[in-house]
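Heads up, the thing below is written out as structure tokens.
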Amino acid sequence: MVGTPTEVELKLWVAPEDIRAVLSNPVFAGSLHDPTREKLDSVYFDSDDRFLRDHGLTLRVRHDGDKHVQTIKSADSGVGLFERSEWEKTISDDRPDISDVKDTALGEILADQVGKELRPLFETRIERTAYHLNGNGADVILAIDEGKILAPDSSQQVSEIELELKQGNPADLFRIARDILNIVPAHLEFKSKPERGYDLIDKAAPAAETAYDPGLVPGMNAGRAFTLVGRACLRHLVANVPAMLARDRNALHQMRVALRRLRAGISLFSPLTGDERVEAIKTELRWLAQELGPARDLDTLLSEVIKPLQKHHAKEPGFASISNMFARKRSKSYQQAQEAVQSVRFRSLVLDAAEWVEAGPWTMSEDPLKRAYREMPIEIYAAEQLSRRRKRIRHRGKRLGQLNAEQLHRLRIQVKKARYATDFFAGVYTGRKAAKHCKKVKSSLMQLQNCLGKFNDIVTHRALFSDIIANRPKGVSEEQGRHRAFAAGLIVGDQQAQVQKLLDQARKAFSRFDDAKAFWKSPGGAAPVISVVQDQL
């Protein structure tokens, strides 16, 4: 079996009617050489319990004339974006043959029993036209894939441009992708054809997707770790776009979570990722957060505050009036969020952020300090970050009952970053004890974050409803204004009654966090990062 170490590629979704516009544009018309055309008919196999998919593998048999070519792909760490390992061989018929994978990285996974349970699940029928695209020392294959993914009861159209790097820097792929984006409304496609095939057979409608594990493991360096964190966050963001456009409130929430996780990741790795592009990336992430924020805030206000109280005060007309007012605002906010996600600015943000994560200036900086941080073992780097953030939370948390609203808000942000750091770095420290301590740290941080988040919402809502009580907007009658003010007063009172309970719960959560043992231990003890860096300089 032939093994190809890694396949470096980008996929762009492009509408079928826009593909010709790309090929005929002057940017590409004179640069595409040696076209080849293939008909790629492939059948994908797995067991009924989706054993291969659950282990990050895909297995296909492709018909190439009279030949049958079997390919097994494994998504490398980083949830499948950009790099995939591949094993390929010619087999005798259209049934998979896994008899000679025992000496490969797949040997421990693909036992004989797995081979017996494999069956065809779906197929792809693709017309591929591939060109060589040379320039700036890079050798890139630009392939146009058009066709369908076929499942027993459904199908999905394929229309994409795949860029595969044969020689050069990964930044060359993003440069070409940006040229395409400047011509037509393309966007990065994070899901592979097999993933879309599985969605078809599972009859999966667009739905909210939770965060992806970046797959950090002991032994990798901090630079590689940040790349994987960035990939996972970007995929999390983009995966929720289809459901969010269908007004799935959970998908909107997950997009905001993805943004917060990415911003937290940039902060966690700032000693090595600080370069001339990072501020521009952070600015665009803040812009998107501001575009998505109002719709999510109004979702929460209506579903978690107004609706429950309205049930208890069904005869109070002011609740219906307030609910209708905020529902109209929510509808406008959703439209604002949808327009943002469908904009050129959003597509550029995703592409720019992906390029920066993969091949930004920070990845090649020769600054001795940044290089030392980049090459530092993740066990040491993560231990220092986690220890530093725990110390900050402990310092503020011990005075939790004496903090004002602004100080509690700052504590909430620190807790949120520490929680995401725990998520990112959990896989770096192995063993039963580490897993047990990690679980306690994570759950206590989650409880503390939830309590402080609800308290912060109450502070925001108090100002909002106090304005309703004090001011009657134009077009609202005096009687309707009184009803609204009365309902707003009930809401403020109910919210205020929750404050002490939330603060008590926050103190208990902090106590659990304070007592939790560190699950992070760097090799040979937790040597401060600065000492390690100085040793490397």
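Residues are referred to by chain and number: the chain letter is A, B, ... according to the order shown in the structure tokens, the number counts from 1 in that chain, and ligands are numbered separately from 1 in the order shown.
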Find the spatial neighbours of stretch 60-72 of chain A, counting only C-alpha atoms, within a cut-off of 6 Å - ignore same-chain residues fewer than 2 positions away - and output them as a PyMOL selection string. chain A and resi 41-44+58+86-91
Leaving out A:Val229 and any residue of its chain fewer than 4 positions from it, which residues lie within 9 Å of it when counting only C-alpha atoms, given as an NGL selection string? :A and (78 or 213-216 or 224-225 or 233-234 or 261-262 or 265 or 357 or 424)
Could you turn the residues from that selection into a file that holds N, CA, C and O atoms, as a CSV table (one decimal), in the first residue's frame?
chain,number,residue,atom,x,y,z
A,78,GLY,N,-6.7,18.6,13.9
A,78,GLY,CA,-7.1,19.9,13.4
A,78,GLY,C,-8.4,19.7,12.6
A,78,GLY,O,-8.7,20.5,11.7
A,213,ASP,N,-13.0,19.2,19.1
A,213,ASP,CA,-11.8,19.0,19.8
A,213,ASP,C,-10.6,19.3,18.9
A,213,ASP,O,-10.5,18.7,17.8
A,214,PRO,N,-9.7,20.2,19.3
A,214,PRO,CA,-8.6,20.5,18.4
A,214,PRO,C,-7.6,19.4,18.3
A,214,PRO,O,-6.7,19.4,17.4
A,215,GLY,N,-7.6,18.4,19.2
A,215,GLY,CA,-6.8,17.2,19.1
A,215,GLY,C,-5.3,17.5,19.5
A,215,GLY,O,-4.4,16.9,18.9
A,216,LEU,N,-5.1,18.3,20.5
A,216,LEU,CA,-3.8,18.5,21.0
A,216,LEU,C,-3.3,17.3,21.7
A,216,LEU,O,-4.0,16.6,22.5
A,224,ARG,N,2.3,24.5,16.7
A,224,ARG,CA,1.4,23.5,16.1
A,224,ARG,C,0.1,23.5,16.8
A,224,ARG,O,-1.0,23.4,16.2
A,225,ALA,N,0.2,23.6,18.1
A,225,ALA,CA,-1.0,23.5,19.0
A,225,ALA,C,-2.0,24.7,18.6
A,225,ALA,O,-3.2,24.5,18.5
A,233,CYS,N,-11.7,26.1,15.8
A,233,CYS,CA,-12.6,27.2,16.1
A,233,CYS,C,-13.2,27.7,14.8
A,233,CYS,O,-14.4,28.0,14.7
A,234,LEU,N,-12.5,27.8,13.7
A,234,LEU,CA,-13.0,28.3,12.4
A,234,LEU,C,-14.0,27.3,11.8
A,234,LEU,O,-15.0,27.7,11.3
A,261,ARG,N,-14.2,31.4,21.5
A,261,ARG,CA,-13.1,30.4,21.7
A,261,ARG,C,-11.9,30.8,20.9
A,261,ARG,O,-10.8,30.7,21.3
A,262,LEU,N,-12.1,31.3,19.6
A,262,LEU,CA,-11.0,31.7,18.8
A,262,LEU,C,-10.3,32.9,19.4
A,262,LEU,O,-9.1,32.9,19.5
A,265,GLY,N,-8.3,31.7,22.2
A,265,GLY,CA,-7.1,31.0,21.8
A,265,GLY,C,-6.0,32.0,21.3
A,265,GLY,O,-4.8,31.8,21.7
A,357,VAL,N,-3.9,31.7,10.6
A,357,VAL,CA,-3.7,30.5,11.5
A,357,VAL,C,-2.7,29.6,10.9
A,357,VAL,O,-1.8,29.0,11.6
A,424,PHE,N,-9.1,23.3,25.5
A,424,PHE,CA,-8.1,23.1,24.5
A,424,PHE,C,-7.0,22.1,25.0
A,424,PHE,O,-6.5,21.3,24.2
Secondary structure check, helix (DSSP H, G or I) residues of stretch 104-250 of chain A, as a PyMOL selection string: chain A and resi 112-117+170-183+193-201+222-239+241-245+249-250
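Taking atom CA of A:Asp97 and atom CA of A:Asp49 as the two end points, the separation is 19.2 Å.
Residue nearest A:His132 within the list A:Gly30, A:Pro377, A:Pro361, A:Gly274: A:Gly30 [criterion: smallest interatomic distance, only C-alpha atoms].
Ranking A:Arg95, A:Arg196, A:Lys311, A:Lys398 by their shortest atom-to-atom distance to A:Val158, with only C-alpha atoms included, puts A:Arg196 first.
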Write out as a PyMOL selection string the residues lying within 12 Å of A:Asp423, counting only C-alpha atoms and excluding same-chain residues fewer than 2 positions away. chain A and resi 211-216+229+232-233+261+264-265+382+386+416-421+425-429+435+438-439+441-443+445-446
Compare A:Asp248, A:Asp145, A:Glu375, A:Glu355 by their minimum atom-to-atom distance to A:Leu272, counting only C-alpha atoms, and give me the closest one.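 Among A:Asp248, A:Asp145, A:Glu375, A:Glu355, it is A:Glu375 that comes nearest to A:Leu272.
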For atom CA of A:Tyr373 and atom CA of A:Thr273, the interatomic separation in Å (one decimal): 9.3 Å
What lies within 12 Å of stretch 179-182 of chain A using only C-alpha atoms, ignoring chain neighbours under 5 positions off, as a ChimeraX atom specification? /A:11-15,18-28,142,160-163,172-174,187-188,343-352
